[in-house]
>>> print(open('start_14.cif').read())   # mmCIF, C-alpha atoms, pLDDT in the B column; chains and numbers go by the auth columns
data_protein
#
loop_
_atom_site.group_PDB
_atom_site.id
_atom_site.type_symbol
_atom_site.label_atom_id
_atom_site.label_comp_id
_atom_site.label_asym_id
_atom_site.label_seq_id
_atom_site.Cartn_x
_atom_site.Cartn_y
_atom_site.Cartn_z
_atom_site.B_iso_or_equiv
_atom_site.auth_seq_id
_atom_site.auth_asym_id
ATOM 1 C CA GLN A 1 -84.500 6.351 25.994 67.00 451 O
ATOM 2 C CA THR A 2 -87.053 6.625 23.192 76.00 452 O
ATOM 3 C CA PRO A 3 -86.157 9.181 20.494 78.00 453 O
ATOM 4 C CA ARG A 4 -88.775 11.869 19.905 80.00 454 O
ATOM 5 C CA SER A 5 -88.646 11.016 16.213 84.00 455 O
ATOM 6 C CA ALA A 6 -89.816 7.438 16.899 91.00 456 O
ATOM 7 C CA ASP A 7 -93.318 6.733 15.569 93.00 457 O
ATOM 8 C CA VAL A 8 -93.785 2.953 15.825 95.00 458 O
ATOM 9 C CA CYS A 9 -93.224 0.784 18.895 95.00 459 O
ATOM 10 C CA LEU A 10 -93.587 -3.004 19.083 97.00 460 O
ATOM 11 C CA GLN A 11 -93.693 -5.102 22.246 97.00 461 O
ATOM 12 C CA LEU A 12 -92.458 -8.663 22.483 97.00 462 O
ATOM 13 C CA GLY A 13 -94.978 -10.676 24.471 96.00 463 O
ATOM 14 C CA THR A 14 -97.768 -8.220 25.263 96.00 464 O
ATOM 15 C CA GLU A 15 -99.588 -9.473 28.376 95.00 465 O
ATOM 16 C CA ASP A 16 -101.631 -6.445 29.503 94.00 466 O
ATOM 17 C CA GLY A 17 -102.392 -2.817 28.698 92.00 467 O
ATOM 18 C CA ARG A 18 -99.706 -1.169 30.843 92.00 468 O
ATOM 19 C CA PRO A 19 -97.201 -0.423 28.062 91.00 469 O
ATOM 20 C CA VAL A 20 -99.695 1.939 26.455 91.00 470 O
ATOM 21 C CA THR A 21 -99.558 4.123 29.561 89.00 471 O
ATOM 22 C CA PHE A 22 -95.798 4.563 29.750 86.00 472 O
ATOM 23 C CA ILE A 23 -94.613 4.744 26.138 89.00 473 O
ATOM 24 C CA PRO A 24 -94.060 8.389 25.051 88.00 474 O
ATOM 25 C CA ARG A 25 -97.013 10.262 23.616 87.00 475 O
ATOM 26 C CA THR A 26 -94.923 10.878 20.505 89.00 476 O
ATOM 27 C CA ILE A 27 -95.362 7.194 19.590 92.00 477 O
ATOM 28 C CA GLU A 28 -98.150 7.008 17.007 93.00 478 O
ATOM 29 C CA THR A 29 -98.579 3.230 16.692 94.00 479 O
ATOM 30 C CA PHE A 30 -98.134 0.460 19.268 95.00 480 O
ATOM 31 C CA ILE A 31 -97.911 -3.073 17.822 96.00 481 O
ATOM 32 C CA THR A 32 -98.533 -6.217 19.850 97.00 482 O
ATOM 33 C CA SER A 33 -97.196 -9.749 19.846 97.00 483 O
ATOM 34 C CA THR A 34 -97.915 -12.633 22.186 97.00 484 O
ATOM 35 C CA VAL A 35 -96.227 -15.551 23.940 97.00 485 O
ATOM 36 C CA GLU A 36 -99.231 -17.757 23.235 97.00 486 O
ATOM 37 C CA PRO A 37 -98.210 -20.772 21.087 96.00 487 O
ATOM 38 C CA ASP A 38 -101.106 -20.217 18.662 96.00 488 O
ATOM 39 C CA GLY A 39 -100.088 -16.573 18.172 96.00 489 O
ATOM 40 C CA VAL A 40 -103.529 -15.279 19.133 97.00 490 O
ATOM 41 C CA LEU A 41 -103.659 -12.302 21.508 96.00 491 O
ATOM 42 C CA PRO A 42 -105.881 -13.239 24.486 96.00 492 O
ATOM 43 C CA ILE A 43 -109.253 -11.498 24.771 96.00 493 O
ATOM 44 C CA SER A 44 -108.419 -10.198 28.256 96.00 494 O
ATOM 45 C CA VAL A 45 -105.288 -8.495 26.899 96.00 495 O
ATOM 46 C CA ARG A 46 -107.268 -6.989 24.026 96.00 496 O
ATOM 47 C CA ARG A 47 -109.775 -5.511 26.478 96.00 497 O
ATOM 48 C CA GLN A 48 -107.039 -3.957 28.612 95.00 498 O
ATOM 49 C CA LEU A 49 -105.306 -2.502 25.575 95.00 499 O
ATOM 50 C CA THR A 50 -108.564 -1.041 24.279 94.00 500 O
ATOM 51 C CA GLN A 51 -109.295 0.565 27.645 94.00 501 O
ATOM 52 C CA GLN A 52 -105.790 1.980 28.042 93.00 502 O
ATOM 53 C CA GLU A 53 -105.803 3.288 24.476 92.00 503 O
ATOM 54 C CA LYS A 54 -109.060 5.096 25.218 91.00 504 O
ATOM 55 C CA ASN A 55 -107.800 6.506 28.520 90.00 505 O
ATOM 56 C CA ARG A 56 -104.455 7.654 27.171 86.00 506 O
ATOM 57 C CA GLY A 57 -105.732 9.100 23.926 84.00 507 O
ATOM 58 C CA ALA A 58 -102.301 8.902 22.324 79.00 508 O
ATOM 59 C CA ALA A 59 -100.837 5.936 20.453 84.00 509 O
ATOM 60 C CA ARG A 60 -103.065 3.833 18.203 92.00 510 O
ATOM 61 C CA VAL A 61 -102.877 0.203 19.313 94.00 511 O
ATOM 62 C CA SER A 62 -102.459 -2.256 16.474 95.00 512 O
ATOM 63 C CA MET A 63 -103.572 -5.599 17.911 95.00 513 O
ATOM 64 C CA VAL A 64 -101.761 -8.160 15.812 96.00 514 O
ATOM 65 C CA ASP A 65 -102.045 -11.925 16.245 96.00 515 O
ATOM 66 C CA GLN A 66 -98.382 -12.905 15.942 97.00 516 O
ATOM 67 C CA ARG A 67 -96.001 -14.852 18.133 97.00 517 O
ATOM 68 C CA ALA A 68 -93.178 -12.936 19.786 97.00 518 O
ATOM 69 C CA ASP A 69 -90.690 -15.287 18.126 97.00 519 O
ATOM 70 C CA ASP A 70 -92.359 -15.005 14.705 97.00 520 O
ATOM 71 C CA LEU A 71 -93.413 -11.436 13.883 97.00 521 O
ATOM 72 C CA LYS A 72 -94.920 -12.607 10.613 96.00 522 O
ATOM 73 C CA ASP A 73 -97.170 -9.582 10.147 96.00 523 O
ATOM 74 C CA THR A 74 -94.473 -6.979 10.772 97.00 524 O
ATOM 75 C CA PRO A 75 -92.336 -6.005 7.746 96.00 525 O
ATOM 76 C CA ASP A 76 -88.559 -5.707 7.798 95.00 526 O
ATOM 77 C CA GLU A 77 -87.137 -2.432 9.133 95.00 527 O
ATOM 78 C CA SER A 78 -90.565 -0.938 9.851 95.00 528 O
ATOM 79 C CA VAL A 79 -90.329 -0.331 13.618 96.00 529 O
ATOM 80 C CA ASP A 80 -88.536 2.438 15.535 96.00 530 O
ATOM 81 C CA VAL A 81 -88.574 0.870 19.009 96.00 531 O
ATOM 82 C CA VAL A 82 -88.952 -2.705 20.289 97.00 532 O
ATOM 83 C CA ILE A 83 -89.570 -3.310 23.989 96.00 533 O
ATOM 84 C CA SER A 84 -89.391 -6.605 25.878 97.00 534 O
ATOM 85 C CA LEU A 85 -90.451 -6.705 29.525 95.00 535 O
ATOM 86 C CA GLN A 86 -89.800 -10.028 31.246 94.00 536 O
ATOM 87 C CA ALA A 87 -91.029 -11.804 28.143 96.00 537 O
ATOM 88 C CA ALA A 88 -88.165 -14.260 27.581 97.00 538 O
ATOM 89 C CA ALA A 89 -88.954 -16.414 30.627 95.00 539 O
ATOM 90 C CA ARG A 90 -92.642 -16.511 29.671 96.00 540 O
ATOM 91 C CA MET A 91 -91.678 -17.564 26.141 97.00 541 O
ATOM 92 C CA LYS A 92 -89.608 -20.391 27.566 95.00 542 O
ATOM 93 C CA GLU A 93 -92.548 -21.573 29.696 96.00 543 O
ATOM 94 C CA LYS A 94 -94.839 -21.553 26.646 95.00 544 O
ATOM 95 C CA GLY A 95 -92.381 -23.364 24.393 96.00 545 O
ATOM 96 C CA LEU A 96 -91.413 -20.339 22.308 97.00 546 O
ATOM 97 C CA ASP A 97 -87.838 -19.508 21.284 97.00 547 O
ATOM 98 C CA TRP A 98 -86.649 -16.368 23.098 97.00 548 O
ATOM 99 C CA LYS A 99 -83.518 -16.200 20.946 96.00 549 O
ATOM 100 C CA LYS A 100 -85.666 -16.121 17.822 97.00 550 O
ATOM 101 C CA SER A 101 -87.620 -13.218 19.335 97.00 551 O
ATOM 102 C CA VAL A 102 -84.380 -11.215 19.605 97.00 552 O
ATOM 103 C CA GLN A 103 -83.592 -12.058 15.988 96.00 553 O
ATOM 104 C CA GLU A 104 -87.072 -10.973 14.975 97.00 554 O
ATOM 105 C CA ALA A 105 -86.634 -7.705 16.884 97.00 555 O
ATOM 106 C CA ALA A 106 -83.464 -7.073 14.901 96.00 556 O
ATOM 107 C CA ARG A 107 -85.267 -7.831 11.648 96.00 557 O
ATOM 108 C CA VAL A 108 -88.200 -5.463 12.150 97.00 558 O
ATOM 109 C CA LEU A 109 -86.161 -2.593 13.625 96.00 559 O
ATOM 110 C CA LYS A 110 -85.016 0.194 11.352 94.00 560 O
ATOM 111 C CA PRO A 111 -81.265 0.924 11.311 93.00 561 O
ATOM 112 C CA GLY A 112 -80.713 3.177 14.306 93.00 562 O
ATOM 113 C CA GLY A 113 -83.835 1.798 16.024 94.00 563 O
ATOM 114 C CA ARG A 114 -83.837 1.055 19.762 95.00 564 O
ATOM 115 C CA PHE A 115 -84.255 -2.267 21.558 97.00 565 O
ATOM 116 C CA LEU A 116 -85.223 -1.703 25.207 96.00 566 O
ATOM 117 C CA PHE A 117 -85.605 -4.645 27.547 96.00 567 O
ATOM 118 C CA VAL A 118 -85.841 -5.816 31.140 95.00 568 O
ATOM 119 C CA GLU A 119 -85.172 -9.540 31.059 96.00 569 O
ATOM 120 C CA GLN A 120 -83.969 -12.413 33.209 95.00 570 O
ATOM 121 C CA THR A 121 -80.170 -12.298 33.230 95.00 571 O
ATOM 122 C CA ASP A 122 -79.630 -15.965 32.344 95.00 572 O
ATOM 123 C CA LEU A 123 -81.885 -18.356 30.450 94.00 573 O
ATOM 124 C CA ASP A 124 -80.997 -21.899 29.430 87.00 574 O
ATOM 125 C CA GLY A 125 -77.475 -21.252 30.665 92.00 575 O
ATOM 126 C CA GLU A 126 -77.027 -18.287 28.328 95.00 576 O
ATOM 127 C CA ASN A 127 -76.694 -14.619 29.234 96.00 577 O
ATOM 128 C CA TYR A 128 -79.466 -12.534 27.634 97.00 578 O
ATOM 129 C CA LEU A 129 -77.371 -9.364 27.472 96.00 579 O
ATOM 130 C CA GLU A 130 -74.439 -11.141 25.835 96.00 580 O
ATOM 131 C CA TYR A 131 -76.703 -12.854 23.331 96.00 581 O
ATOM 132 C CA VAL A 132 -78.137 -9.516 22.171 96.00 582 O
ATOM 133 C CA GLY A 133 -74.693 -7.932 22.038 94.00 583 O
ATOM 134 C CA ASN A 134 -73.223 -10.782 19.998 93.00 584 O
ATOM 135 C CA LEU A 135 -76.107 -11.111 17.554 91.00 585 O
ATOM 136 C CA GLY A 136 -74.807 -11.013 14.000 84.00 586 O
ATOM 137 C CA VAL A 137 -71.293 -12.082 14.948 73.00 587 O
ATOM 138 C CA ALA A 138 -70.190 -15.411 13.497 57.00 588 O
ATOM 139 C CA ASP A 139 -70.430 -18.292 15.956 50.00 589 O
ATOM 140 C CA PRO A 140 -66.885 -19.299 17.003 41.00 590 O
ATOM 141 C CA ASP A 141 -67.543 -23.040 16.541 43.00 591 O
ATOM 142 C CA THR A 142 -69.021 -22.462 13.087 41.00 592 O
ATOM 143 C CA GLU A 143 -66.138 -20.183 12.153 42.00 593 O
ATOM 144 C CA ILE A 144 -63.567 -22.821 13.212 37.00 594 O
ATOM 145 C CA GLN A 145 -65.423 -25.510 11.291 44.00 595 O
ATOM 146 C CA ASN A 146 -65.582 -23.358 8.141 46.00 596 O
ATOM 147 C CA THR A 147 -61.876 -22.559 8.462 41.00 597 O
ATOM 148 C CA GLU A 148 -60.975 -26.241 8.759 49.00 598 O
ATOM 149 C CA GLU A 149 -63.134 -27.101 5.759 49.00 599 O
ATOM 150 C CA GLY A 150 -61.476 -24.322 3.802 50.00 600 O
ATOM 151 C CA GLU A 151 -58.036 -25.690 4.686 50.00 601 O
ATOM 152 C CA ASP A 152 -59.050 -29.211 3.661 53.00 602 O
ATOM 153 C CA MET A 153 -60.148 -27.868 0.300 49.00 603 O
ATOM 154 C CA GLY A 154 -56.946 -25.882 -0.088 51.00 604 O
ATOM 155 C CA ASN A 155 -58.812 -22.571 0.079 52.00 605 O
ATOM 156 C CA ASP A 156 -56.379 -19.771 0.914 48.00 606 O
ATOM 157 C CA ASP A 157 -58.917 -16.933 0.644 49.00 607 O
ATOM 158 C CA GLU A 158 -59.214 -14.533 3.570 46.00 608 O
ATOM 159 C CA THR A 159 -61.890 -15.705 6.007 45.00 609 O
ATOM 160 C CA GLU A 160 -62.659 -12.114 6.945 46.00 610 O
ATOM 161 C CA GLU A 161 -64.710 -11.811 3.765 47.00 611 O
ATOM 162 C CA ASP A 162 -67.467 -13.761 5.552 52.00 612 O
ATOM 163 C CA GLU A 163 -67.100 -11.957 8.860 59.00 613 O
ATOM 164 C CA SER A 164 -70.222 -10.102 9.965 65.00 614 O
ATOM 165 C CA PHE A 165 -70.526 -7.198 12.346 78.00 615 O
ATOM 166 C CA PRO A 166 -72.731 -7.002 15.470 88.00 616 O
ATOM 167 C CA THR A 167 -76.364 -6.183 14.828 92.00 617 O
ATOM 168 C CA PHE A 168 -76.711 -4.147 18.016 94.00 618 O
ATOM 169 C CA GLU A 169 -74.607 -1.613 19.891 93.00 619 O
ATOM 170 C CA CYS A 170 -75.162 -1.241 23.643 94.00 620 O
ATOM 171 C CA LEU A 171 -76.004 2.249 24.867 93.00 621 O
ATOM 172 C CA GLY A 172 -76.132 1.198 28.518 95.00 622 O
ATOM 173 C CA TYR A 173 -77.328 -1.456 30.940 95.00 623 O
ATOM 174 C CA ASP A 174 -77.900 -2.008 34.634 95.00 624 O
ATOM 175 C CA ASP A 175 -78.566 -4.987 36.873 93.00 625 O
ATOM 176 C CA VAL A 176 -82.025 -5.108 38.446 90.00 626 O
ATOM 177 C CA ASP A 177 -81.746 -6.321 42.037 79.00 627 O
ATOM 178 C CA LEU A 178 -85.317 -5.735 43.192 66.00 628 O
ATOM 179 C CA VAL A 179 -86.490 -9.222 42.220 70.00 629 O
ATOM 180 C CA LEU A 180 -85.631 -12.705 43.481 84.00 630 O
ATOM 181 C CA VAL A 181 -84.343 -13.796 40.070 90.00 631 O
ATOM 182 C CA PRO A 182 -81.557 -11.569 38.670 92.00 632 O
ATOM 183 C CA HIS A 183 -82.664 -9.370 35.774 94.00 633 O
ATOM 184 C CA VAL A 184 -80.925 -6.883 33.530 95.00 634 O
ATOM 185 C CA ALA A 185 -82.250 -3.672 31.980 95.00 635 O
ATOM 186 C CA ALA A 186 -80.581 -2.375 28.843 96.00 636 O
ATOM 187 C CA VAL A 187 -80.875 -0.185 25.773 96.00 637 O
ATOM 188 C CA PHE A 188 -79.399 -1.274 22.463 96.00 638 O
ATOM 189 C CA VAL A 189 -79.415 0.493 19.114 95.00 639 O
ATOM 190 C CA LYS A 190 -79.476 -1.347 15.804 94.00 640 O
ATOM 191 C CA SER A 191 -76.265 -0.688 13.895 91.00 641 O
ATOM 192 C CA GLU A 192 -76.391 1.060 10.541 85.00 642 O
ATOM 193 C CA ASP A 193 -74.131 -1.751 9.262 77.00 643 O
ATOM 194 C CA ALA A 194 -76.151 -4.582 10.803 69.00 644 O
ATOM 195 C CA GLY A 195 -75.704 -7.852 8.947 62.00 645 O
ATOM 196 C CA LEU A 196 -73.092 -6.561 6.513 63.00 646 O
ATOM 197 C CA THR A 197 -70.027 -8.680 5.802 63.00 647 O
ATOM 198 C CA ALA A 198 -66.536 -7.180 5.785 65.00 648 O
ATOM 199 C CA ALA A 199 -66.635 -6.969 1.983 71.00 649 O
ATOM 200 C CA GLU A 200 -70.044 -5.278 1.972 63.00 650 O
ATOM 201 C CA ARG A 201 -68.968 -2.834 4.656 63.00 651 O
ATOM 202 C CA SER A 202 -65.792 -1.975 2.711 65.00 652 O
ATOM 203 C CA ALA A 203 -67.861 -1.408 -0.421 69.00 653 O
ATOM 204 C CA LYS A 204 -70.217 0.868 1.519 59.00 654 O
ATOM 205 C CA GLU A 205 -67.346 2.876 2.980 62.00 655 O
ATOM 206 C CA ALA A 206 -65.726 3.161 -0.466 68.00 656 O
ATOM 207 C CA LYS A 207 -68.974 4.489 -1.928 62.00 657 O
ATOM 208 C CA ILE A 208 -69.326 7.041 0.876 62.00 658 O
ATOM 209 C CA GLU A 209 -65.731 8.177 0.336 69.00 659 O
ATOM 210 C CA GLN A 210 -66.307 8.423 -3.413 73.00 660 O
ATOM 211 C CA GLU A 211 -69.387 10.586 -2.868 69.00 661 O
ATOM 212 C CA ARG A 212 -67.445 12.761 -0.412 74.00 662 O
ATOM 213 C CA MET A 213 -64.636 13.327 -2.896 75.00 663 O
ATOM 214 C CA ALA A 214 -67.169 14.163 -5.602 75.00 664 O
ATOM 215 C CA GLU A 215 -68.728 16.811 -3.338 76.00 665 O
ATOM 216 C CA ILE A 216 -65.274 18.265 -2.619 82.00 666 O
ATOM 217 C CA SER A 217 -64.514 18.422 -6.346 78.00 667 O
ATOM 218 C CA ILE A 218 -67.793 20.184 -7.096 80.00 668 O
ATOM 219 C CA SER A 219 -67.218 22.681 -4.289 76.00 669 O
ATOM 220 C CA ALA A 220 -63.667 23.379 -5.517 77.00 670 O
ATOM 221 C CA PHE A 221 -64.965 23.874 -9.066 74.00 671 O
ATOM 222 C CA GLU A 222 -67.651 26.303 -7.897 75.00 672 O
ATOM 223 C CA ARG A 223 -65.118 28.250 -5.802 78.00 673 O
ATOM 224 C CA GLY A 224 -62.835 28.439 -8.865 77.00 674 O
ATOM 225 C CA ILE A 225 -65.628 29.904 -10.973 79.00 675 O
ATOM 226 C CA LYS A 226 -66.416 32.540 -8.359 75.00 676 O
ATOM 227 C CA LYS A 227 -62.711 33.408 -7.993 75.00 677 O
ATOM 228 C CA ARG A 228 -62.308 33.845 -11.759 77.00 678 O
ATOM 229 C CA LYS A 229 -65.406 36.048 -11.899 74.00 679 O
ATOM 230 C CA ARG A 230 -64.053 38.266 -9.111 75.00 680 O
ATOM 231 C CA LYS A 231 -60.668 38.495 -10.821 72.00 681 O
ATOM 232 C CA LYS A 232 -62.274 39.346 -14.154 72.00 682 O
ATOM 233 C CA LYS A 233 -64.396 42.056 -12.537 69.00 683 O
ATOM 234 C CA LYS A 234 -61.370 43.475 -10.711 68.00 684 O
ATOM 235 C CA THR A 235 -59.381 43.578 -13.976 70.00 685 O
ATOM 236 C CA ALA A 236 -62.252 45.325 -15.765 66.00 686 O
ATOM 237 C CA ASP A 237 -62.583 47.921 -12.989 63.00 687 O
ATOM 238 C CA SER A 238 -58.838 48.710 -12.975 66.00 688 O
ATOM 239 C CA SER A 239 -58.738 49.189 -16.774 63.00 689 O
ATOM 240 C CA THR A 240 -61.541 51.787 -16.728 59.00 690 O
ATOM 241 C CA PRO A 241 -60.103 55.392 -16.734 59.00 691 O
ATOM 242 C CA GLU A 242 -61.119 57.670 -13.862 58.00 692 O
ATOM 243 C CA GLY A 243 -64.043 59.913 -14.710 56.00 693 O
ATOM 244 C CA ALA A 244 -65.110 57.663 -17.569 53.00 694 O
ATOM 245 C CA PRO A 245 -68.872 57.171 -17.809 54.00 695 O
#
>>> encode(input="start_14.cif", output="structure tokens")
Amino acid sequence: QTPRSADVCLQLGTEDGRPVTFIPRTIETFITSTVEPDGVLPISVRRQLTQQEKNRGAARVSMVDQRADDLKDTPDESVDVVISLQAAARMKEKGLDWKKSVQEAARVLKPGGRFLFVEQTDLDGENYLEYVGNLGVADPDTEIQNTEEGEDMGNDDETEEDESFPTFECLGYDDVDLVLVPHVAAVFVKSEDAGLTAAERSAKEAKIEQERMAEISISAFERGIKKRKRKKKKTADSSTPEGAP
């Protein structure tokens, strides 16, 4: 499920060197994060990563001291693939915020980037799969509250102006039944319109349509020039007497 064009992969909650052995050889850089509260990657994990990097001879491992729920050293939209392998439950045990880690994954992923995970189905009474799928969508309670406030203030503007669209689109998922605690495996792709409001999305679509119409106009103009040239040449040929030099 990893595109061949993907160059950078980041793991949420790196705990050993195994990911280095199964990510595609086309991945050039593998970035770490940890579930440790201090954000420091344990020495034992560093040793395993170094050994696996040497054995595999493929991806360069970038050992970064950053918490899985605070990818402070990873820039926005700089990663092609984010993987999370049973990290959410470990984050919960260590006092980290697994929801924030999903938000951070969305932040660092490029539009069109993949989020691959195998995680516990339910945590803190919330479904992991549903949380990822609904990320970026306005919270119903917040939306109701904002609507009521707008009515109290006599605001008749359309509320859809503030509506956001889902950050991720699900490409597929499956329940994992080989463990005592139910888990789910899934692949999501970051939407090209992630985080855009209805107004921003409309503006984007209008710009795309404007550019499309401009291309059509240019093509029609160029075809017209060619047609006139052919007609002019045909007229010139027909006006030339036979046998004329």
>>> resolve_selection(input="start_14.cif", expression="the PyMOL selection byres ((chain O and resi 475) around 7)", output="list in words")
Ile473, Pro474, Thr476, Ile477, Ala508 and Ala509 of chain O
>>> resolve_selection(input="start_14.cif", expression="the PyMOL selection byres ((chain O and resi 583) around 8)", output="MDAnalysis selection string")
chainID O and resid 579:582 584:585 616:620
>>> atom_distance(input="start_14.cif", atom1="CA of Asp530 in chain O", atom2="CA of Gly463 in chain O")
17.1 Å
>>> resolve_selection(input="start_14.cif", expression="the PyMOL selection byres ((chain O and resi 482-488) around 12)", output="JSON, numbers by chain")
{"O": [458, 459, 460, 461, 462, 463, 464, 465, 466, 467, 469, 470, 479, 480, 481, 489, 490, 491, 492, 493, 495, 496, 499, 510, 511, 512, 513, 514, 515, 516, 517, 518, 519, 520, 521, 522, 523, 524, 529, 532, 533, 534, 535, 536, 537, 538, 539, 540, 541, 542, 543, 544, 545, 546, 547, 548, 551, 554, 555]}
>>> residues_near_point(input="start_14.cif", point="(-80.7, 10.2, 19.2)", cutoff="10 Å", atoms="only C-alpha atoms", output="PyMOL selection string")
chain O and resi 451-456+562-564+639
>>> atom_distance(input="start_14.cif", atom1="CA of Gly622 in chain O", atom2="CA of Gln553 in chain O")
19.7 Å
>>> residues_near_point(input="start_14.cif", point="(-79.8, -2.1, 12.2)", cutoff="6 Å", atoms="all atoms listed in the file", output="list in words")
Lys560, Pro561, Gly562, Thr617, Lys640, Ser641, Glu642 and Ala644 of chain O
>>> atom_distance(input="start_14.cif", atom1="CA of Lys549 in chain O", atom2="CA of His633 in chain O")
16.3 Å
>>> closest_residue(input="start_14.cif", among="O:Val531, O:Val568, O:Ala556, O:Val587", to="Asp627 in chain O", atoms="all atoms listed in the file")
O:Val568
>>> build_atoms(input="start_14.cif", residues="range 664-679 of chain O", atoms="N, CA, C and O atoms", output="PDB file, keeping the file's coordinate frame")
ATOM      1  N   ALA O 664     -66.431  13.503  -4.523  1.00 75.00           N
ATOM      2  CA  ALA O 664     -67.169  14.163  -5.602  1.00 75.00           C
ATOM      3  C   ALA O 664     -67.712  15.513  -5.139  1.00 75.00           C
ATOM      4  O   ALA O 664     -67.663  16.511  -5.874  1.00 75.00           O
ATOM      5  N   GLU O 665     -68.220  15.557  -3.886  1.00 76.00           N
ATOM      6  CA  GLU O 665     -68.728  16.811  -3.338  1.00 76.00           C
ATOM      7  C   GLU O 665     -67.605  17.838  -3.186  1.00 76.00           C
ATOM      8  O   GLU O 665     -67.782  19.024  -3.457  1.00 76.00           O
ATOM      9  N   ILE O 666     -66.426  17.363  -2.760  1.00 82.00           N
ATOM     10  CA  ILE O 666     -65.274  18.265  -2.619  1.00 82.00           C
ATOM     11  C   ILE O 666     -64.875  18.828  -3.976  1.00 82.00           C
ATOM     12  O   ILE O 666     -64.577  20.024  -4.111  1.00 82.00           O
ATOM     13  N   SER O 667     -64.881  17.985  -4.999  1.00 78.00           N
ATOM     14  CA  SER O 667     -64.514  18.422  -6.346  1.00 78.00           C
ATOM     15  C   SER O 667     -65.495  19.467  -6.875  1.00 78.00           C
ATOM     16  O   SER O 667     -65.098  20.469  -7.475  1.00 78.00           O
ATOM     17  N   ILE O 668     -66.774  19.232  -6.640  1.00 80.00           N
ATOM     18  CA  ILE O 668     -67.793  20.184  -7.096  1.00 80.00           C
ATOM     19  C   ILE O 668     -67.636  21.515  -6.374  1.00 80.00           C
ATOM     20  O   ILE O 668     -67.711  22.588  -6.993  1.00 80.00           O
ATOM     21  N   SER O 669     -67.394  21.447  -5.069  1.00 76.00           N
ATOM     22  CA  SER O 669     -67.218  22.681  -4.289  1.00 76.00           C
ATOM     23  C   SER O 669     -65.992  23.450  -4.767  1.00 76.00           C
ATOM     24  O   SER O 669     -66.022  24.677  -4.894  1.00 76.00           O
ATOM     25  N   ALA O 670     -64.888  22.732  -5.033  1.00 77.00           N
ATOM     26  CA  ALA O 670     -63.667  23.379  -5.517  1.00 77.00           C
ATOM     27  C   ALA O 670     -63.895  24.020  -6.878  1.00 77.00           C
ATOM     28  O   ALA O 670     -63.414  25.137  -7.147  1.00 77.00           O
ATOM     29  N   PHE O 671     -64.654  23.337  -7.738  1.00 74.00           N
ATOM     30  CA  PHE O 671     -64.965  23.874  -9.066  1.00 74.00           C
ATOM     31  C   PHE O 671     -65.796  25.150  -8.959  1.00 74.00           C
ATOM     32  O   PHE O 671     -65.531  26.142  -9.644  1.00 74.00           O
ATOM     33  N   GLU O 672     -66.800  25.125  -8.069  1.00 75.00           N
ATOM     34  CA  GLU O 672     -67.651  26.303  -7.897  1.00 75.00           C
ATOM     35  C   GLU O 672     -66.867  27.475  -7.310  1.00 75.00           C
ATOM     36  O   GLU O 672     -67.064  28.633  -7.710  1.00 75.00           O
ATOM     37  N   ARG O 673     -65.956  27.187  -6.363  1.00 78.00           N
ATOM     38  CA  ARG O 673     -65.118  28.250  -5.802  1.00 78.00           C
ATOM     39  C   ARG O 673     -64.204  28.843  -6.874  1.00 78.00           C
ATOM     40  O   ARG O 673     -63.958  30.046  -6.914  1.00 78.00           O
ATOM     41  N   GLY O 674     -63.702  27.968  -7.778  1.00 77.00           N
ATOM     42  CA  GLY O 674     -62.835  28.439  -8.865  1.00 77.00           C
ATOM     43  C   GLY O 674     -63.569  29.370  -9.800  1.00 77.00           C
ATOM     44  O   GLY O 674     -63.019  30.384 -10.241  1.00 77.00           O
ATOM     45  N   ILE O 675     -64.825  29.049 -10.092  1.00 79.00           N
ATOM     46  CA  ILE O 675     -65.628  29.904 -10.973  1.00 79.00           C
ATOM     47  C   ILE O 675     -65.837  31.277 -10.336  1.00 79.00           C
ATOM     48  O   ILE O 675     -65.684  32.322 -10.984  1.00 79.00           O
ATOM     49  N   LYS O 676     -66.194  31.271  -9.060  1.00 75.00           N
ATOM     50  CA  LYS O 676     -66.416  32.540  -8.359  1.00 75.00           C
ATOM     51  C   LYS O 676     -65.137  33.369  -8.308  1.00 75.00           C
ATOM     52  O   LYS O 676     -65.163  34.594  -8.472  1.00 75.00           O
ATOM     53  N   LYS O 677     -63.999  32.705  -8.076  1.00 75.00           N
ATOM     54  CA  LYS O 677     -62.711  33.408  -7.993  1.00 75.00           C
ATOM     55  C   LYS O 677     -62.362  34.029  -9.330  1.00 75.00           C
ATOM     56  O   LYS O 677     -61.895  35.188  -9.399  1.00 75.00           O
ATOM     57  N   ARG O 678     -62.597  33.306 -10.422  1.00 77.00           N
ATOM     58  CA  ARG O 678     -62.308  33.845 -11.759  1.00 77.00           C
ATOM     59  C   ARG O 678     -63.213  35.024 -12.088  1.00 77.00           C
ATOM     60  O   ARG O 678     -62.793  35.995 -12.715  1.00 77.00           O
ATOM     61  N   LYS O 679     -64.479  34.942 -11.655  1.00 74.00           N
ATOM     62  CA  LYS O 679     -65.406  36.048 -11.899  1.00 74.00           C
ATOM     63  C   LYS O 679     -64.964  37.297 -11.162  1.00 74.00           C
ATOM     64  O   LYS O 679     -65.007  38.414 -11.700  1.00 74.00           O
TER      65      LYS O 679
END
